[in-house]
Amino acid sequence: MINPADKEKMVVVEGSYAVAHSAKTCHPNVISAYPITPQTHIVENLAQFIADGKIPNCEYLNVESEFSAISSLIGAAAVGARTYSATTSQGLLLMHEALFNASGMRFPIIMTVTNRAVSAPINIWNDHQDAIAQRDTGWIQLYVEDVQEASDTLPQIYKIAEDHEIMLPGMVCMDGYILSHVYEPVVLLEQNLVDNFLPPFHPENVLDPEDPKTFGAFATPDTYEEFRYLQEQAMQKTLPKIEAVAKEFEEVFGRFHGGLVDGYMIEDAEIVIMGMGSVLGTVKDVVDQYRAKGEKIGVLKVRSFRPFPKEQILESIQNAHAVVVLDKNISIGTNEGALFTETKSCLYNSKVRIPLVGYTLGHGGRDIRIESIVKVVEGTKAAAKTGIMVESQFLDLKEELL
Amino acid sequence: MTKIAPKMYLSSGHSGCAGCCDAFAAKFTLMGTGPNCIVVNPTGCLEVMSTPFPLSSWKVPWIHSLFENGSAVASGVEAALKALGKKNDIKVIAIGGDGSTMDIGIGAISGAFERGHDFTYVCMDNEAYMNTGIQRSSGTPYDASTTTSPAGKFSFGNPRPKKNMPAIIAAHGSPYVATTSIGFPRDMIRKVKKATEIVGPTYIHSHAPCTTGWGFDTSKTLEIAKLAVETGLWPMYEMEYGEIMQVRRIKDPRPVEEYLRTQKRFKHLFTMEGGEKEIQKIQDSADWNIKHYGLK
Amino acid sequence: MTTEANQDSTICPEILKNDHETRESKVTCCSVCKPGSTLKNKTGGWRNFRPIYNYEKCTKCGICEIVCPDMSVKPREDGFFEYDYDYCKGCGICANECPEDAIGMILEEK
């Protein structure tokens, strides 16, 4: 829903530009950049801002790999810098080892991930496999639905991550091409409002010769488990913080994209479609069609995948007759996508007993058409009536190619 | 010998082996930098022995991230200091072993040197992966027996010569690249100090004999380090923008056999058939160094 | 001779005083450690051979202080040096490097 007050302020820009502009307004001190499609436009725009002197007190590093992109930000964050990078797909996978390191050392590094499929076969189009593969690294993961949200979520995630009780790194996941390369009308974040919303970064511990602390010591079995426990605790504290910060953002900017989850026509919905990212736009169009026919179909957008909002999901779907989960990823060997698996797991020890089915779809950028979503809804309606026939399956498989 | 600054920025109680070469490398590096520095230490013996949580031997700010990213972390530290207006005269140091420097971290080092960060990289080269139990690295010398390049009926040990890392760094246009040795503390301290005073990415490659990995008595660490230099096997020189400006001359080079005999890792050369020929090859490499670097 | 006062003054003195408290140091964010705190590890127990000065031969050149990998050679007011046996691991490098042969290594009686 477009806020009428925003209409006048809207400009048509590429998604990557809106995100780069948003990153700029957050006043990062160190940006590391390595090109990879479809992320590159973000760091190109930031490079131009730097070249034009529009980001004060900021160093822009043209690193030699994504591995060094994240590693340099670990060093920068340890000195007390606010840091930013953007990556996707193979680049994110190359960072994998350092992602654990960044969260284990509790550095609130922020990245935009323009989600893309992973090789092999090599493919540059969108799905969520890259970020889902990082789900256990201890990073906050927020998935966004449109360009405005991709832009608006950056200052939010800085505010969440840099909270002294949290101190975890975070990634804003936006669909590659679909959002990164689309030209849409958006409100570019106003610097004065961001300054008002996002306080400067002042971590408690920094590398400083005046107070020479040691960072990144090794932990024996005597202490290692407690470090993991504290990370989990911080992640649990992130749950209410995400909701609170989304509301604070709304107070300052007048826009709200959901906290941990966001419902659409969900209050009385008998069939709920769950998903993450831009596919929800198509899903909402389908829901509108059903609603026009009087059928009670609703949508649950999962905005926060890490931390995983079990309670909010349960609460949102408890009155449905059946739920279908759409995943642009698959855990090979389970025949399921991650959101489906995790949603099922949060139902188990609860009193909510409803049929849950899953579709893994849109791999490698395959278009998700309205007809396909209709097929999903019809299948879920059948599951609500007669029980589950197939628990999880690929959508739109081309049988003729097999 | 005049007394060198007695202030120590590495403290006692670290768990390095008796006679540890890494402790020397760290001690001498910090004597060269003084307290106004930030140290990045990639994974290795030094990191493990000096920072068992919640304890630390370091009296300067210190960070360990991963094995292969020491230079990338250091470049982030340097960039952040600049951006936050804190750079002033804080020196940024990365100190890593031969494995993290010459093998797994070489991409990150190349990137950091090419980008021209103002930092000093110190490689403490004990010529194998000691932290994991003496495996061959690209710093392992010809014919050294390690656990992954063991001598045997069909092998004299490591079949390849050492990688010439200082030359690789010099090729990046570094304003200052120097080789040194823990056997020459004053030389090492002076070179580290000089490197940190030069603006830009500078490199110190310090030879560091490991009592455990090389197989010699704990009291011989520095003696063997000196022998490596005196035989010509470890030439000590200073390069500015790729040009050799200074070398440490050795008036009367000792035969390499004297050096090789001191260490278990070369023991097979004195017992295996054909060992003499191998020793001659090593002598030839020392002679080449003496000629090439003008050590005499 | 080994006393806490021998230790470098840059080391947080509270580490030595509040032994109990710091030993149970809490696990915190970032695994941050205090500088120079490994002084709690008395590595002197590793020693098999004990270095002993012969002060009559010693010329106060200070090489022993530089060549100690355990920072356990401490300068005295009178210009001579002494060992901090709490930390000396008995590697013998000081005795090996001493140009005046003023350091002996004797077997530790345990």
# chains A, B, ... in the order shown; residues from 1 in each chain; ligands from 1
$ closest_atom_pairs --of "chain A" --to "chain C" --cutoff "6 Å" --atoms "only C-alpha atoms" --output "Markdown table"
| residue | atom | partner | partner_atom | distance |
| --- | --- | --- | --- | --- |
| A:Met105 | CA | C:Cys30 | CA | 4.2 |
| A:Arg106 | CA | C:Cys30 | CA | 5.4 |
| A:Lys213 | CA | C:Lys34 | CA | 5.6 |
| A:Thr214 | CA | C:Cys33 | CA | 4.9 |
| A:Phe215 | CA | C:Val32 | CA | 4.9 |
| A:Gly216 | CA | C:Ser31 | CA | 5.8 |
$ write_last_selection --atoms "N, CA, C and O atoms" --output "mmCIF file, in the first residue's frame"
data_model
loop_
_atom_site.group_PDB
_atom_site.id
_atom_site.type_symbol
_atom_site.label_atom_id
_atom_site.label_comp_id
_atom_site.auth_asym_id
_atom_site.auth_seq_id
_atom_site.Cartn_x
_atom_site.Cartn_y
_atom_site.Cartn_z
ATOM 1 N N MET A 105 32.252 -13.377 16.578
ATOM 2 C CA MET A 105 32.953 -12.266 17.220
ATOM 3 C C MET A 105 32.034 -11.095 17.502
ATOM 4 O O MET A 105 32.456 -10.071 18.004
ATOM 5 N N ARG A 106 30.764 -11.263 17.123
ATOM 6 C CA ARG A 106 29.704 -10.313 17.448
ATOM 7 C C ARG A 106 29.941 -8.932 16.837
ATOM 8 O O ARG A 106 29.836 -7.905 17.505
ATOM 9 N N LYS A 213 42.835 -4.475 24.068
ATOM 10 C CA LYS A 213 42.098 -5.728 24.278
ATOM 11 C C LYS A 213 42.474 -6.773 23.223
ATOM 12 O O LYS A 213 42.921 -6.430 22.137
ATOM 13 N N THR A 214 42.225 -8.012 23.594
ATOM 14 C CA THR A 214 42.470 -9.138 22.689
ATOM 15 C C THR A 214 41.129 -9.638 22.146
ATOM 16 O O THR A 214 40.225 -9.924 22.927
ATOM 17 N N PHE A 215 41.008 -9.709 20.827
ATOM 18 C CA PHE A 215 39.769 -10.164 20.173
ATOM 19 C C PHE A 215 40.007 -11.501 19.477
ATOM 20 O O PHE A 215 40.988 -11.647 18.755
ATOM 21 N N GLY A 216 39.076 -12.415 19.646
ATOM 22 C CA GLY A 216 39.151 -13.640 18.848
ATOM 23 C C GLY A 216 40.078 -14.683 19.426
ATOM 24 O O GLY A 216 40.744 -15.407 18.702
#
$ interface_residues --of "chain B" --to "chain C" --cutoff "9 Å" --atoms "only C-alpha atoms" --output "PyMOL selection string"
chain B and resi 1-4+6-24+27-28+50-61+183+185+217-223
$ write_last_selection --atoms "C-alpha atoms" --output "PDB file, in the first residue's frame"
ATOM      1  CA  MET B   1      75.966  -5.058  22.423  1.00  0.00           C
ATOM      2  CA  THR B   2      73.950  -2.049  23.483  1.00  0.00           C
ATOM      3  CA  LYS B   3      70.817  -2.753  25.386  1.00  0.00           C
ATOM      4  CA  ILE B   4      67.704  -2.799  23.229  1.00  0.00           C
ATOM      5  CA  PRO B   6      63.680  -3.527  27.515  1.00  0.00           C
ATOM      6  CA  LYS B   7      59.941  -2.941  27.373  1.00  0.00           C
ATOM      7  CA  MET B   8      58.185  -6.162  26.428  1.00  0.00           C
ATOM      8  CA  TYR B   9      54.735  -6.132  24.871  1.00  0.00           C
ATOM      9  CA  LEU B  10      54.348  -9.892  24.858  1.00  0.00           C
ATOM     10  CA  SER B  11      53.963 -11.312  28.320  1.00  0.00           C
ATOM     11  CA  SER B  12      55.117 -14.486  29.999  1.00  0.00           C
ATOM     12  CA  GLY B  13      52.818 -17.421  30.518  1.00  0.00           C
ATOM     13  CA  HIS B  14      52.168 -18.188  26.855  1.00  0.00           C
ATOM     14  CA  SER B  15      52.126 -21.869  26.056  1.00  0.00           C
ATOM     15  CA  GLY B  16      54.686 -21.918  23.266  1.00  0.00           C
ATOM     16  CA  CYS B  17      57.183 -24.781  23.451  1.00  0.00           C
ATOM     17  CA  ALA B  18      60.411 -24.143  25.365  1.00  0.00           C
ATOM     18  CA  GLY B  19      62.654 -22.330  22.866  1.00  0.00           C
ATOM     19  CA  CYS B  20      59.683 -21.283  20.681  1.00  0.00           C
ATOM     20  CA  CYS B  21      60.527 -19.391  17.492  1.00  0.00           C
ATOM     21  CA  ASP B  22      57.098 -17.732  17.211  1.00  0.00           C
ATOM     22  CA  ALA B  23      57.496 -16.185  20.647  1.00  0.00           C
ATOM     23  CA  PHE B  24      60.725 -14.611  19.388  1.00  0.00           C
ATOM     24  CA  LYS B  27      58.584 -10.370  20.820  1.00  0.00           C
ATOM     25  CA  PHE B  28      60.981  -8.810  18.316  1.00  0.00           C
ATOM     26  CA  SER B  50      49.105 -16.676  23.274  1.00  0.00           C
ATOM     27  CA  THR B  51      45.321 -16.368  23.601  1.00  0.00           C
ATOM     28  CA  PRO B  52      43.596 -19.151  25.533  1.00  0.00           C
ATOM     29  CA  PHE B  53      40.322 -17.456  26.477  1.00  0.00           C
ATOM     30  CA  PRO B  54      40.006 -15.618  28.861  1.00  0.00           C
ATOM     31  CA  LEU B  55      43.757 -14.996  28.882  1.00  0.00           C
ATOM     32  CA  SER B  56      46.066 -13.185  26.507  1.00  0.00           C
ATOM     33  CA  SER B  57      49.807 -12.675  26.307  1.00  0.00           C
ATOM     34  CA  TRP B  58      49.372  -9.534  24.219  1.00  0.00           C
ATOM     35  CA  LYS B  59      49.741  -6.094  25.734  1.00  0.00           C
ATOM     36  CA  VAL B  60      48.809  -4.379  22.492  1.00  0.00           C
ATOM     37  CA  PRO B  61      45.377  -4.549  20.804  1.00  0.00           C
ATOM     38  CA  GLY B 183      68.747 -15.293  15.046  1.00  0.00           C
ATOM     39  CA  PRO B 185      67.258  -9.781  17.022  1.00  0.00           C
ATOM     40  CA  ASP B 217      67.488 -29.090  21.147  1.00  0.00           C
ATOM     41  CA  THR B 218      65.452 -26.224  22.627  1.00  0.00           C
ATOM     42  CA  SER B 219      68.613 -24.242  23.359  1.00  0.00           C
ATOM     43  CA  LYS B 220      69.620 -24.115  19.677  1.00  0.00           C
ATOM     44  CA  THR B 221      66.779 -22.024  18.175  1.00  0.00           C
ATOM     45  CA  LEU B 222      68.838 -18.913  17.616  1.00  0.00           C
ATOM     46  CA  GLU B 223      72.093 -20.741  16.906  1.00  0.00           C
TER      47      GLU B 223
END
$ residues_around --residues "Gly99 (chain B)" --least-positions-apart "4" --cutoff "7 Å" --atoms "only C-alpha atoms" --output "list in words"
Asp103, Ile104, Ala128, Tyr129 and Ser137 of chain B
$ select_by_dssp --residues "region 50-93 of chain C" --states "helix (DSSP H, G or I)" --output "short mmCIF file (atom, residue, chain, number, x, y, z; two decimals) with N, CA, C and O atoms, in the first residue's frame"
data_model
loop_
_atom_site.label_atom_id
_atom_site.label_comp_id
_atom_site.auth_asym_id
_atom_site.auth_seq_id
_atom_site.Cartn_x
_atom_site.Cartn_y
_atom_site.Cartn_z
N ILE C 63 72.10 -9.64 26.64
CA ILE C 63 71.68 -10.55 25.56
C ILE C 63 70.66 -11.56 26.10
O ILE C 63 69.68 -11.87 25.45
N CYS C 64 70.89 -12.04 27.31
CA CYS C 64 69.97 -13.04 27.88
C CYS C 64 68.54 -12.53 27.93
O CYS C 64 67.59 -13.28 27.71
N GLU C 65 68.38 -11.24 28.20
CA GLU C 65 67.02 -10.69 28.29
C GLU C 65 66.36 -10.71 26.91
O GLU C 65 65.18 -11.06 26.77
N ILE C 66 67.15 -10.37 25.90
CA ILE C 66 66.60 -10.32 24.54
C ILE C 66 66.29 -11.72 24.03
O ILE C 66 65.28 -11.93 23.36
N ILE C 93 68.30 -21.37 25.93
CA ILE C 93 68.81 -20.48 24.88
C ILE C 93 69.74 -19.41 25.49
O ILE C 93 70.80 -19.11 24.94
#
$ interface_residues --of "chain B" --to "chain A" --cutoff "6 Å" --atoms "only C-alpha atoms" --output "count of residues only"
18
$ atom_distance --atom1 "CA of Asn126 (chain B)" --atom2 "CA of Thr180 (chain B)"
12.6 Å
$ atom_distance --atom1 "CA of Pro201 (chain B)" --atom2 "CA of Val48 (chain B)"
26.1 Å
$ residues_around --residues "Thr132 (chain B)" --least-positions-apart "2" --cutoff "9 Å" --atoms "only C-alpha atoms" --output "ChimeraX atom specification"
/B:44-45,129-130,134-135
$ residues_around --residues "region 384-391 of chain A" --least-positions-apart "5" --cutoff "10 Å" --atoms "only C-alpha atoms" --output "list in words"
Glu270, Ile271, Ala320, His321, Ala322, Val323, Val324, Asn335, Glu336, Phe340, Ile354, Pro355, Leu356, Val357, Gly358, Tyr359, Glu378 and Gly379 of chain A
$ write_last_selection --atoms "all heavy atoms" --output "short mmCIF file (atom, residue, chain, number, x, y, z; two decimals), in the first residue's frame"
data_model
loop_
_atom_site.label_atom_id
_atom_site.label_comp_id
_atom_site.auth_asym_id
_atom_site.auth_seq_id
_atom_site.Cartn_x
_atom_site.Cartn_y
_atom_site.Cartn_z
N GLU A 270 -8.94 -19.03 5.27
CA GLU A 270 -9.03 -20.48 5.47
C GLU A 270 -7.80 -21.17 4.86
O GLU A 270 -7.35 -22.19 5.35
CB GLU A 270 -10.31 -21.01 4.82
CG GLU A 270 -11.54 -20.54 5.60
CD GLU A 270 -12.85 -20.74 4.85
OE1 GLU A 270 -12.81 -21.29 3.72
OE2 GLU A 270 -13.88 -20.33 5.39
N ILE A 271 -7.33 -20.58 3.79
CA ILE A 271 -6.10 -21.07 3.19
C ILE A 271 -5.05 -19.96 3.30
O ILE A 271 -5.31 -18.83 2.90
CB ILE A 271 -6.30 -21.41 1.69
CG1 ILE A 271 -7.40 -22.45 1.50
CG2 ILE A 271 -4.98 -21.85 1.03
CD1 ILE A 271 -7.10 -23.83 2.04
N ALA A 320 -6.28 -21.25 10.24
CA ALA A 320 -6.44 -21.65 8.84
C ALA A 320 -6.88 -23.12 8.75
O ALA A 320 -6.68 -23.88 9.69
CB ALA A 320 -5.12 -21.45 8.11
N HIS A 321 -7.45 -23.44 7.61
CA HIS A 321 -7.83 -24.85 7.39
C HIS A 321 -6.66 -25.62 6.77
O HIS A 321 -6.57 -26.83 6.94
CB HIS A 321 -9.06 -24.93 6.47
CG HIS A 321 -10.27 -24.28 7.07
ND1 HIS A 321 -11.46 -24.16 6.39
CD2 HIS A 321 -10.47 -23.70 8.29
CE1 HIS A 321 -12.34 -23.54 7.17
NE2 HIS A 321 -11.76 -23.24 8.32
N ALA A 322 -5.85 -24.90 6.04
CA ALA A 322 -4.63 -25.51 5.48
C ALA A 322 -3.67 -24.39 5.11
O ALA A 322 -4.07 -23.26 4.83
CB ALA A 322 -4.94 -26.35 4.25
N VAL A 323 -2.39 -24.73 5.15
CA VAL A 323 -1.34 -23.74 4.86
C VAL A 323 -0.43 -24.31 3.79
O VAL A 323 -0.10 -25.51 3.81
CB VAL A 323 -0.53 -23.40 6.13
CG1 VAL A 323 0.63 -22.47 5.80
CG2 VAL A 323 -1.42 -22.78 7.19
N VAL A 324 -0.03 -23.45 2.86
CA VAL A 324 0.94 -23.88 1.86
C VAL A 324 2.17 -22.97 1.95
O VAL A 324 2.04 -21.75 2.08
CB VAL A 324 0.35 -23.90 0.44
CG1 VAL A 324 -0.19 -22.53 0.04
CG2 VAL A 324 1.37 -24.41 -0.57
N ASN A 335 13.65 -33.18 -0.05
CA ASN A 335 12.58 -32.81 -0.97
C ASN A 335 11.73 -31.67 -0.42
O ASN A 335 10.54 -31.58 -0.68
CB ASN A 335 11.70 -34.04 -1.30
CG ASN A 335 10.86 -33.79 -2.54
OD1 ASN A 335 11.32 -33.16 -3.50
ND2 ASN A 335 9.62 -34.25 -2.53
N GLU A 336 12.36 -30.83 0.41
CA GLU A 336 11.62 -29.71 1.01
C GLU A 336 12.46 -28.45 0.98
O GLU A 336 13.68 -28.51 1.02
CB GLU A 336 11.32 -30.02 2.50
CG GLU A 336 10.32 -31.12 2.71
CD GLU A 336 10.08 -31.41 4.19
OE1 GLU A 336 10.66 -30.71 5.04
OE2 GLU A 336 9.31 -32.35 4.47
N PHE A 340 9.43 -24.38 4.69
CA PHE A 340 8.44 -25.43 4.92
C PHE A 340 8.87 -26.31 6.09
O PHE A 340 8.11 -26.56 7.02
CB PHE A 340 8.25 -26.26 3.64
CG PHE A 340 7.27 -27.39 3.78
CD1 PHE A 340 5.97 -27.14 4.23
CD2 PHE A 340 7.62 -28.69 3.46
CE1 PHE A 340 5.05 -28.18 4.36
CE2 PHE A 340 6.71 -29.74 3.60
CZ PHE A 340 5.42 -29.48 4.04
N ILE A 354 -3.02 -28.44 11.72
CA ILE A 354 -3.58 -28.14 10.40
C ILE A 354 -2.69 -28.75 9.34
O ILE A 354 -1.48 -28.91 9.56
CB ILE A 354 -3.71 -26.60 10.16
CG1 ILE A 354 -2.42 -25.89 10.58
CG2 ILE A 354 -4.92 -26.03 10.86
CD1 ILE A 354 -2.41 -24.43 10.22
N PRO A 355 -3.27 -29.10 8.20
CA PRO A 355 -2.43 -29.64 7.13
C PRO A 355 -1.49 -28.57 6.58
O PRO A 355 -1.90 -27.41 6.41
CB PRO A 355 -3.42 -30.10 6.07
CG PRO A 355 -4.78 -29.91 6.63
CD PRO A 355 -4.68 -29.05 7.83
N LEU A 356 -0.26 -28.97 6.35
CA LEU A 356 0.76 -28.05 5.84
C LEU A 356 1.40 -28.71 4.63
O LEU A 356 1.87 -29.84 4.72
CB LEU A 356 1.81 -27.87 6.94
CG LEU A 356 2.57 -26.59 7.05
CD1 LEU A 356 1.63 -25.43 7.27
CD2 LEU A 356 3.55 -26.67 8.23
N VAL A 357 1.38 -28.02 3.51
CA VAL A 357 2.04 -28.57 2.33
C VAL A 357 3.08 -27.58 1.81
O VAL A 357 3.00 -26.39 2.08
CB VAL A 357 1.03 -28.92 1.20
CG1 VAL A 357 0.15 -30.10 1.61
CG2 VAL A 357 0.21 -27.72 0.82
N GLY A 358 4.05 -28.11 1.07
CA GLY A 358 5.12 -27.25 0.60
C GLY A 358 5.39 -27.39 -0.89
O GLY A 358 5.17 -28.46 -1.47
N TYR A 359 5.78 -26.30 -1.48
CA TYR A 359 6.23 -26.32 -2.88
C TYR A 359 7.60 -25.70 -2.95
O TYR A 359 7.85 -24.64 -2.36
CB TYR A 359 5.26 -25.54 -3.77
CG TYR A 359 3.95 -26.24 -4.02
CD1 TYR A 359 2.90 -26.09 -3.13
CD2 TYR A 359 3.78 -27.06 -5.14
CE1 TYR A 359 1.69 -26.74 -3.34
CE2 TYR A 359 2.58 -27.71 -5.36
CZ TYR A 359 1.54 -27.56 -4.46
OH TYR A 359 0.34 -28.20 -4.68
N GLU A 378 -5.38 -24.36 -5.32
CA GLU A 378 -6.37 -25.43 -5.51
C GLU A 378 -5.89 -26.72 -4.84
O GLU A 378 -6.68 -27.42 -4.21
CB GLU A 378 -6.61 -25.67 -7.01
CG GLU A 378 -7.34 -24.51 -7.71
CD GLU A 378 -8.67 -24.16 -7.03
OE1 GLU A 378 -9.44 -25.10 -6.72
OE2 GLU A 378 -8.93 -22.96 -6.80
N GLY A 379 -4.62 -27.00 -4.95
CA GLY A 379 -4.05 -28.19 -4.29
C GLY A 379 -4.19 -28.10 -2.78
O GLY A 379 -4.48 -29.10 -2.10
#
$ select_by_dssp --residues "region 50-201 of chain A" --states "strand (DSSP E or B)" --output "MDAnalysis selection string"
chainID A and resid 59:62 83:87 110:115 140:143 170:175 183:186
$ write_last_selection --atoms "N, CA, C and O atoms" --output "mmCIF file, in the first residue's frame"
data_model
loop_
_atom_site.group_PDB
_atom_site.id
_atom_site.type_symbol
_atom_site.label_atom_id
_atom_site.label_comp_id
_atom_site.auth_asym_id
_atom_site.auth_seq_id
_atom_site.Cartn_x
_atom_site.Cartn_y
_atom_site.Cartn_z
ATOM 1 N N GLU A 59 35.712 4.875 3.840
ATOM 2 C CA GLU A 59 36.714 4.270 2.960
ATOM 3 C C GLU A 59 36.028 3.185 2.131
ATOM 4 O O GLU A 59 35.265 2.381 2.671
ATOM 5 N N TYR A 60 36.322 3.200 0.847
ATOM 6 C CA TYR A 60 35.711 2.226 -0.066
ATOM 7 C C TYR A 60 36.823 1.296 -0.548
ATOM 8 O O TYR A 60 37.791 1.751 -1.162
ATOM 9 N N LEU A 61 36.718 0.005 -0.241
ATOM 10 C CA LEU A 61 37.794 -0.939 -0.574
ATOM 11 C C LEU A 61 37.404 -1.804 -1.774
ATOM 12 O O LEU A 61 36.420 -2.544 -1.715
ATOM 13 N N ASN A 62 38.195 -1.719 -2.831
ATOM 14 C CA ASN A 62 38.025 -2.633 -3.960
ATOM 15 C C ASN A 62 38.815 -3.896 -3.657
ATOM 16 O O ASN A 62 39.985 -4.014 -4.008
ATOM 17 N N THR A 83 29.942 -0.789 8.955
ATOM 18 C CA THR A 83 30.435 -1.424 7.728
ATOM 19 C C THR A 83 29.297 -1.872 6.827
ATOM 20 O O THR A 83 28.190 -2.162 7.296
ATOM 21 N N TYR A 84 29.592 -1.937 5.528
ATOM 22 C CA TYR A 84 28.575 -2.370 4.563
ATOM 23 C C TYR A 84 29.237 -3.068 3.386
ATOM 24 O O TYR A 84 30.321 -2.690 2.935
ATOM 25 N N SER A 85 28.573 -4.104 2.902
ATOM 26 C CA SER A 85 28.947 -4.699 1.633
ATOM 27 C C SER A 85 27.691 -5.288 1.020
ATOM 28 O O SER A 85 26.648 -5.358 1.661
ATOM 29 N N ALA A 86 27.802 -5.689 -0.238
ATOM 30 C CA ALA A 86 26.683 -6.354 -0.896
ATOM 31 C C ALA A 86 27.254 -7.504 -1.703
ATOM 32 O O ALA A 86 28.351 -7.406 -2.254
ATOM 33 N N THR A 87 26.515 -8.595 -1.741
ATOM 34 C CA THR A 87 26.995 -9.733 -2.505
ATOM 35 C C THR A 87 25.825 -10.629 -2.877
ATOM 36 O O THR A 87 24.667 -10.297 -2.645
ATOM 37 N N ILE A 110 26.759 -5.316 8.171
ATOM 38 C CA ILE A 110 25.498 -5.395 7.421
ATOM 39 C C ILE A 110 25.788 -5.560 5.931
ATOM 40 O O ILE A 110 26.658 -4.888 5.371
ATOM 41 N N MET A 111 25.027 -6.453 5.312
ATOM 42 C CA MET A 111 25.154 -6.679 3.871
ATOM 43 C C MET A 111 23.770 -6.717 3.241
ATOM 44 O O MET A 111 22.805 -7.126 3.865
ATOM 45 N N THR A 112 23.744 -6.323 1.981
ATOM 46 C CA THR A 112 22.569 -6.611 1.172
ATOM 47 C C THR A 112 22.928 -7.817 0.317
ATOM 48 O O THR A 112 23.993 -7.852 -0.292
ATOM 49 N N VAL A 113 22.047 -8.810 0.310
ATOM 50 C CA VAL A 113 22.247 -9.976 -0.542
ATOM 51 C C VAL A 113 21.177 -9.927 -1.630
ATOM 52 O O VAL A 113 19.985 -9.922 -1.334
ATOM 53 N N THR A 114 21.615 -9.844 -2.878
ATOM 54 C CA THR A 114 20.654 -9.891 -3.986
ATOM 55 C C THR A 114 20.540 -11.363 -4.384
ATOM 56 O O THR A 114 21.314 -11.852 -5.189
ATOM 57 N N ASN A 115 19.588 -12.035 -3.792
ATOM 58 C CA ASN A 115 19.536 -13.499 -3.884
ATOM 59 C C ASN A 115 19.593 -14.031 -5.307
ATOM 60 O O ASN A 115 18.887 -13.566 -6.187
ATOM 61 N N ILE A 140 21.467 -12.347 11.216
ATOM 62 C CA ILE A 140 20.066 -11.975 11.076
ATOM 63 C C ILE A 140 19.763 -11.984 9.579
ATOM 64 O O ILE A 140 20.568 -11.481 8.782
ATOM 65 N N GLN A 141 18.637 -12.568 9.191
ATOM 66 C CA GLN A 141 18.246 -12.564 7.776
ATOM 67 C C GLN A 141 16.838 -12.006 7.630
ATOM 68 O O GLN A 141 15.875 -12.619 8.107
ATOM 69 N N LEU A 142 16.738 -10.866 6.981
ATOM 70 C CA LEU A 142 15.421 -10.289 6.687
ATOM 71 C C LEU A 142 15.195 -10.340 5.178
ATOM 72 O O LEU A 142 16.047 -9.885 4.414
ATOM 73 N N TYR A 143 14.076 -10.912 4.759
ATOM 74 C CA TYR A 143 13.739 -11.023 3.331
ATOM 75 C C TYR A 143 12.719 -9.966 2.975
ATOM 76 O O TYR A 143 11.715 -9.811 3.681
ATOM 77 N N GLY A 170 24.005 -8.813 10.064
ATOM 78 C CA GLY A 170 22.708 -9.045 9.435
ATOM 79 C C GLY A 170 22.741 -8.871 7.930
ATOM 80 O O GLY A 170 23.557 -8.116 7.394
ATOM 81 N N MET A 171 21.870 -9.611 7.256
ATOM 82 C CA MET A 171 21.746 -9.437 5.813
ATOM 83 C C MET A 171 20.301 -9.140 5.429
ATOM 84 O O MET A 171 19.368 -9.740 5.963
ATOM 85 N N VAL A 172 20.179 -8.152 4.537
ATOM 86 C CA VAL A 172 18.877 -7.877 3.938
ATOM 87 C C VAL A 172 18.868 -8.632 2.621
ATOM 88 O O VAL A 172 19.710 -8.397 1.751
ATOM 89 N N CYS A 173 17.928 -9.569 2.485
ATOM 90 C CA CYS A 173 17.882 -10.413 1.299
ATOM 91 C C CYS A 173 16.815 -9.894 0.344
ATOM 92 O O CYS A 173 15.629 -9.834 0.696
ATOM 93 N N MET A 174 17.246 -9.490 -0.824
ATOM 94 C CA MET A 174 16.308 -9.003 -1.853
ATOM 95 C C MET A 174 16.505 -9.851 -3.110
ATOM 96 O O MET A 174 17.629 -10.270 -3.410
ATOM 97 N N ASP A 175 15.439 -10.098 -3.823
ATOM 98 C CA ASP A 175 15.537 -10.986 -4.972
ATOM 99 C C ASP A 175 16.369 -10.359 -6.095
ATOM 100 O O ASP A 175 16.099 -9.236 -6.527
ATOM 101 N N TYR A 183 13.061 -1.038 -12.250
ATOM 102 C CA TYR A 183 12.848 0.395 -12.009
ATOM 103 C C TYR A 183 11.460 0.576 -11.435
ATOM 104 O O TYR A 183 10.479 0.209 -12.079
ATOM 105 N N GLU A 184 11.406 1.105 -10.247
ATOM 106 C CA GLU A 184 10.131 1.255 -9.557
ATOM 107 C C GLU A 184 10.066 2.645 -8.946
ATOM 108 O O GLU A 184 11.099 3.211 -8.597
ATOM 109 N N PRO A 185 8.865 3.143 -8.746
ATOM 110 C CA PRO A 185 8.772 4.389 -7.987
ATOM 111 C C PRO A 185 9.046 4.119 -6.507
ATOM 112 O O PRO A 185 8.432 3.220 -5.931
ATOM 113 N N VAL A 186 9.994 4.817 -5.950
ATOM 114 C CA VAL A 186 10.308 4.661 -4.524
ATOM 115 C C VAL A 186 10.576 6.017 -3.897
ATOM 116 O O VAL A 186 10.898 6.983 -4.589
#
$ residues_around --residues "Ile93 (chain B)" --least-positions-apart "2" --cutoff "10 Å" --atoms "only C-alpha atoms" --output "PyMOL selection string"
chain B and resi 29-30+33+37-41+62+70-71+74-75+77-78+90-91+95-96+118-122+192+196+201-203
$ atom_distance --atom1 "CA of Ile244 (chain B)" --atom2 "CA of Ser206 (chain B)"
16.6 Å
